[in-house]
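Novice: The following file, protein-v6.cif, comprises mmCIF, C-alpha atoms:
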data_model
#
loop_
_atom_site.group_PDB
_atom_site.id
_atom_site.type_symbol
_atom_site.label_atom_id
_atom_site.label_comp_id
_atom_site.auth_asym_id
_atom_site.auth_seq_id
_atom_site.Cartn_x
_atom_site.Cartn_y
_atom_site.Cartn_z
ATOM 1 C CA MET E 3 164.504 263.456 128.133
ATOM 2 C CA GLN E 4 162.271 266.506 128.496
ATOM 3 C CA TYR E 5 163.081 269.500 130.667
ATOM 4 C CA PHE E 6 160.800 272.410 131.426
ATOM 5 C CA ASP E 7 161.840 276.034 131.300
ATOM 6 C CA VAL E 8 162.157 277.160 134.933
ATOM 7 C CA ALA E 9 161.860 280.889 134.249
ATOM 8 C CA PRO E 10 158.031 281.021 134.100
ATOM 9 C CA ALA E 11 157.670 278.880 137.235
ATOM 10 C CA VAL E 12 160.176 280.967 139.195
ATOM 11 C CA THR E 13 158.462 284.154 138.040
ATOM 12 C CA VAL E 14 155.054 282.896 139.192
ATOM 13 C CA ALA E 15 156.496 281.803 142.549
ATOM 14 C CA LEU E 16 158.160 285.175 143.172
ATOM 15 C CA VAL E 17 155.073 287.148 142.175
ATOM 16 C CA SER E 18 152.972 284.944 144.472
ATOM 17 C CA VAL E 19 155.252 285.642 147.417
ATOM 18 C CA LEU E 20 155.137 289.388 146.765
ATOM 19 C CA VAL E 21 151.346 289.386 146.439
ATOM 20 C CA ALA E 22 151.046 287.249 149.597
ATOM 21 C CA VAL E 23 153.117 289.790 151.529
ATOM 22 C CA GLY E 24 150.785 292.498 150.266
ATOM 23 C CA ALA E 25 147.715 290.441 151.194
ATOM 24 C CA ALA E 26 149.092 289.900 154.682
ATOM 25 C CA ALA E 27 149.761 293.615 155.063
ATOM 26 C CA ARG E 28 146.235 294.600 153.987
ATOM 27 C CA PRO E 29 143.832 291.652 154.252
ATOM 28 C CA ALA E 30 140.195 291.935 153.233
ATOM 29 C CA ALA E 31 137.723 292.704 156.022
ATOM 30 C CA GLY E 32 137.038 289.628 158.148
ATOM 31 C CA THR E 33 140.077 287.725 156.854
ATOM 32 C CA SER E 34 143.162 287.052 158.961
ATOM 33 C CA ARG E 35 146.520 288.078 157.574
ATOM 34 C CA TRP E 36 147.730 284.466 157.549
ATOM 35 C CA ARG E 37 144.694 283.126 155.688
ATOM 36 C CA ALA E 38 144.924 285.898 153.089
ATOM 37 C CA ALA E 39 148.630 285.259 152.526
ATOM 38 C CA GLY E 40 148.077 281.487 152.512
ATOM 39 C CA ALA E 41 145.339 281.732 149.900
ATOM 40 C CA VAL E 42 147.568 283.788 147.606
ATOM 41 C CA LEU E 43 150.482 281.391 148.115
ATOM 42 C CA LEU E 44 148.202 278.431 147.377
ATOM 43 C CA ALA E 45 147.045 280.048 144.143
ATOM 44 C CA GLY E 46 150.676 280.648 143.228
ATOM 45 C CA ALA E 47 151.628 277.057 144.063
ATOM 46 C CA VAL E 48 148.815 275.735 141.867
ATOM 47 C CA VAL E 49 149.835 278.020 138.999
ATOM 48 C CA VAL E 50 153.443 276.826 139.351
ATOM 49 C CA THR E 51 152.299 273.192 139.045
ATOM 50 C CA VAL E 52 150.299 274.096 135.927
ATOM 51 C CA VAL E 53 153.205 276.021 134.384
ATOM 52 C CA VAL E 54 155.655 273.209 135.078
ATOM 53 C CA THR E 55 153.402 270.360 133.916
ATOM 54 C CA LEU E 56 151.824 272.072 130.910
ATOM 55 C CA GLY E 57 154.409 274.698 130.037
ATOM 56 C CA PRO E 58 157.003 274.549 127.301
ATOM 57 C CA VAL E 59 159.568 271.753 127.420
ATOM 58 C CA THR E 60 162.988 271.450 125.880
ATOM 59 C CA HIS E 61 163.862 268.144 124.268
ATOM 60 C CA GLU E 62 167.450 267.022 124.748
ATOM 61 C CA GLY E 63 168.470 264.808 121.833
ATOM 62 C CA PRO E 64 166.197 263.290 119.220
ATOM 63 C CA PRO E 65 162.508 263.004 120.052
ATOM 64 C CA SER E 66 161.666 259.586 121.431
ATOM 65 C CA PRO E 67 158.385 257.722 121.007
ATOM 66 C CA ALA E 68 157.786 258.313 124.730
ATOM 67 C CA SER E 69 157.732 262.088 124.133
ATOM 68 C CA ALA E 70 154.688 261.835 121.834
ATOM 69 C CA ARG E 71 151.083 261.741 123.037
ATOM 70 C CA SER E 72 150.656 258.554 125.057
ATOM 71 C CA VAL E 73 149.155 257.203 128.255
ATOM 72 C CA ASN E 74 150.693 254.996 130.922
ATOM 73 C CA LEU E 75 148.030 253.488 133.171
ATOM 74 C CA VAL E 76 150.293 250.798 134.656
ATOM 75 C CA PRO E 77 151.331 251.920 138.153
ATOM 76 C CA PHE E 78 155.076 252.015 138.826
ATOM 77 C CA ARG E 79 156.095 251.222 135.213
ATOM 78 C CA GLY E 80 157.635 254.651 134.684
ATOM 79 C CA ILE E 81 159.078 254.808 138.192
ATOM 80 C CA ARG E 82 160.834 251.451 137.685
ATOM 81 C CA ALA E 83 162.185 252.654 134.328
ATOM 82 C CA VAL E 84 163.575 255.839 135.877
ATOM 83 C CA LEU E 85 165.164 253.904 138.745
ATOM 84 C CA ALA E 86 166.605 251.364 136.289
ATOM 85 C CA SER E 87 168.384 254.169 134.434
ATOM 86 C CA HIS E 88 170.779 254.510 137.404
ATOM 87 C CA ASP E 89 171.131 258.178 136.451
ATOM 88 C CA VAL E 90 170.990 260.145 139.695
ATOM 89 C CA SER E 91 170.044 263.421 138.016
ATOM 90 C CA THR E 92 167.160 261.757 136.166
ATOM 91 C CA VAL E 93 165.919 260.103 139.357
ATOM 92 C CA LEU E 94 166.101 263.373 141.299
ATOM 93 C CA LEU E 95 164.507 265.431 138.534
ATOM 94 C CA HIS E 96 161.669 263.071 137.666
ATOM 95 C CA LEU E 97 160.821 261.410 140.958
ATOM 96 C CA GLY E 98 161.927 264.087 143.418
ATOM 97 C CA GLY E 99 160.722 266.916 141.222
ATOM 98 C CA ASN E 100 157.151 265.631 141.091
ATOM 99 C CA VAL E 101 157.042 265.073 144.853
ATOM 100 C CA LEU E 102 158.526 268.486 145.651
ATOM 101 C CA LEU E 103 156.307 270.274 143.120
ATOM 102 C CA PHE E 104 153.113 269.212 144.905
ATOM 103 C CA ALA E 105 154.302 269.372 148.538
ATOM 104 C CA PRO E 106 153.510 273.124 148.864
ATOM 105 C CA VAL E 107 150.015 272.486 147.491
ATOM 106 C CA GLY E 108 149.385 269.859 150.191
ATOM 107 C CA LEU E 109 150.874 272.040 152.925
ATOM 108 C CA LEU E 110 148.855 275.122 152.043
ATOM 109 C CA LEU E 111 145.605 273.243 151.390
ATOM 110 C CA ALA E 112 145.860 271.472 154.737
ATOM 111 C CA LEU E 113 146.662 274.699 156.606
ATOM 112 C CA LEU E 114 143.852 276.644 154.939
ATOM 113 C CA LEU E 115 141.173 273.946 155.018
ATOM 114 C CA ARG E 116 142.245 272.389 158.325
ATOM 115 C CA ARG E 117 141.156 269.051 156.835
ATOM 116 C CA PRO E 118 144.177 267.067 155.625
ATOM 117 C CA LEU E 119 142.108 264.297 154.009
ATOM 118 C CA VAL E 120 140.163 266.822 151.924
ATOM 119 C CA ALA E 121 143.484 268.458 151.019
ATOM 120 C CA VAL E 122 144.831 265.100 149.766
ATOM 121 C CA VAL E 123 141.709 264.494 147.661
ATOM 122 C CA LEU E 124 141.883 268.000 146.146
ATOM 123 C CA GLY E 125 145.607 267.597 145.447
ATOM 124 C CA ALA E 126 144.962 264.247 143.756
ATOM 125 C CA LEU E 127 142.225 265.822 141.627
ATOM 126 C CA LEU E 128 144.575 268.648 140.613
ATOM 127 C CA SER E 129 147.264 266.148 139.634
ATOM 128 C CA ALA E 130 144.887 263.901 137.680
ATOM 129 C CA THR E 131 143.449 266.932 135.868
ATOM 130 C CA GLU E 132 146.918 268.142 134.904
ATOM 131 C CA GLU E 133 147.853 264.675 133.611
ATOM 132 C CA ALA E 134 144.679 264.547 131.508
ATOM 133 C CA LEU E 135 145.473 268.005 130.131
ATOM 134 C CA GLN E 136 148.983 266.842 129.258
ATOM 135 C CA TYR E 137 147.444 264.165 127.065
ATOM 136 C CA VAL E 138 145.098 266.702 125.467
ATOM 137 C CA VAL E 139 148.018 268.961 124.492
ATOM 138 C CA GLY E 140 149.918 266.029 122.965
ATOM 139 C CA ARG E 141 152.188 264.960 125.775
ATOM 140 C CA VAL E 142 152.508 261.901 128.002
ATOM 141 C CA ALA E 143 149.874 261.255 130.676
ATOM 142 C CA ASP E 144 151.351 258.950 133.316
ATOM 143 C CA VAL E 145 149.680 257.420 136.357
ATOM 144 C CA ASP E 146 153.099 257.364 138.023
ATOM 145 C CA ASP E 147 153.171 261.160 137.919
ATOM 146 C CA VAL E 148 149.855 261.209 139.774
ATOM 147 C CA LEU E 149 151.248 258.785 142.378
ATOM 148 C CA LEU E 150 154.357 260.932 142.856
ATOM 149 C CA ASP E 151 152.330 264.150 142.961
ATOM 150 C CA VAL E 152 149.974 262.705 145.586
ATOM 151 C CA THR E 153 153.003 261.595 147.602
ATOM 152 C CA GLY E 154 154.092 265.239 147.613
ATOM 153 C CA VAL E 155 150.607 266.359 148.657
ATOM 154 C CA VAL E 156 150.585 263.819 151.512
ATOM 155 C CA LEU E 157 154.031 264.957 152.693
ATOM 156 C CA GLY E 158 152.869 268.584 152.570
ATOM 157 C CA CYS E 159 149.742 267.689 154.570
ATOM 158 C CA ALA E 160 151.864 265.822 157.109
ATOM 159 C CA ALA E 161 154.076 268.894 157.492
ATOM 160 C CA ALA E 162 150.961 271.032 158.035
ATOM 161 C CA VAL E 163 149.596 268.665 160.681
ATOM 162 C CA ILE E 164 152.942 268.646 162.498
ATOM 163 C CA ALA E 165 153.287 272.439 162.265
ATOM 164 C CA SER E 166 149.738 272.911 163.573
ATOM 165 C CA ALA E 167 150.350 270.528 166.464
ATOM 166 C CA VAL E 168 153.580 272.325 167.397
ATOM 167 C CA ALA E 169 151.874 275.733 167.192
ATOM 168 C CA CYS E 170 148.978 274.479 169.315
ATOM 169 C CA ARG E 171 151.362 273.013 171.885
ATOM 170 C CA ARG E 172 153.343 276.252 172.077
ATOM 171 C CA THR E 173 150.149 278.271 172.527
ATOM 172 C CA THR E 174 148.875 275.895 175.212
ATOM 173 C CA SER E 175 152.187 275.895 177.103
ATOM 174 C CA ARG E 176 152.390 279.696 176.927
ATOM 175 C CA THR E 177 148.810 280.395 177.993
ATOM 176 C CA GLY E 178 148.081 277.277 180.052
ATOM 177 C CA PRO E 179 145.241 274.815 179.516
ATOM 178 C CA SER E 180 142.599 277.420 180.381
ATOM 179 C CA GLY E 181 143.781 279.706 177.557
ATOM 180 C CA ARG E 182 144.777 282.551 179.897
ATOM 181 C CA ALA E 183 148.272 283.991 180.163
#
Would you mind writing the structure in this file as structure tokens?
Specialist:
Amino acid sequence: MQYFDVAPAVTVALVSVLVAVGAAARPAAGTSRWRAAGAVLLAGAVVVTVVVTLGPVTHEGPPSPASARSVNLVPFRGIRAVLASHDVSTVLLHLGGNVLLFAPVGLLLALLLRRPLVAVVLGALLSATEEALQYVVGRVADVDDVLLDVTGVVLGCAAAVIASAVACRRTTSRTGPSGRA
């Protein structure tokens, strides 16, 4: 089993939050505070996905043939294997980790672009690119990772759509349908 070193990813996430706070405090001319902070957070979220998927890994136990450069293009093969292991920590780390890693990307893309379908396509392209790069650097490229990553992007987009609808409803109920308070 391979595990990534969390320190670089946590560092990138924390720096992104700090820079986003700074961007919100002093946005560029013509940019809202929220869009400036969102753009910085999105960049940080993308860098975190790159660090986690392409960064250094620690091998527990002897290297297995699956840890060498290979490609899995059969959908759900790896997911079934992980589920068949009946190891809760492996299931949570591999399946849940991929979904959770890409959920912020979907959320922030959808909020910034205001086009959830475009956000899903861009998130899928990011995931597929990272999988291809994993193969290039001698690791495993797995279509199941792309499926799990896109699931995270879709969940993030859904959260953005719901949050936008709630914010719109609150604004409408506060100001009335005419937009006046």
Novice: Of the candidates E:Val12, E:Ala39, E:Ala45, E:Val73, which one gets nearest to Ala25 (chain E) if we count all atoms listed in the file?
Specialist: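 Closest to Ala25 (chain E), using all atoms listed in the file: E:Ala39.
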Novice: Ranking E:Leu20, E:Val139, E:Ala15, E:Ile164 by minimum distance to Val49 (chain E) and counting all atoms listed in the file, which one comes first?
Specialist: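 For Val49 (chain E), the nearest of the candidates is E:Ala15.
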Novice: Quick one: residues within 10 Å of Ala112 (chain E), all atoms listed in the file, excluding same-chain residues fewer than 4 positions away - as a ChimeraX atom specification?
Specialist: /E:106-108,116-122,155-156,158-163,166
Novice: Do you know which residues are at most 12 Å from region 30-38 of chain E counting only C-alpha atoms, after dropping those on the same chain fewer than 6 positions away, and could you put them as a ChimeraX atom specification?
Specialist: /E:18-19,21-24,44-45,110-116
Novice: Report as AutoDock Vina command-line options the centre and the edge lengths, in Å to one decimal, of the axis-aligned box holding every listed atom of region 39-45 of chain E, padded by 4 Å on each side.
Specialist:
--center_x 147.9 --center_y 281.8 --center_z 148.3 --size_x 13.1 --size_y 14.8 --size_z 16.4
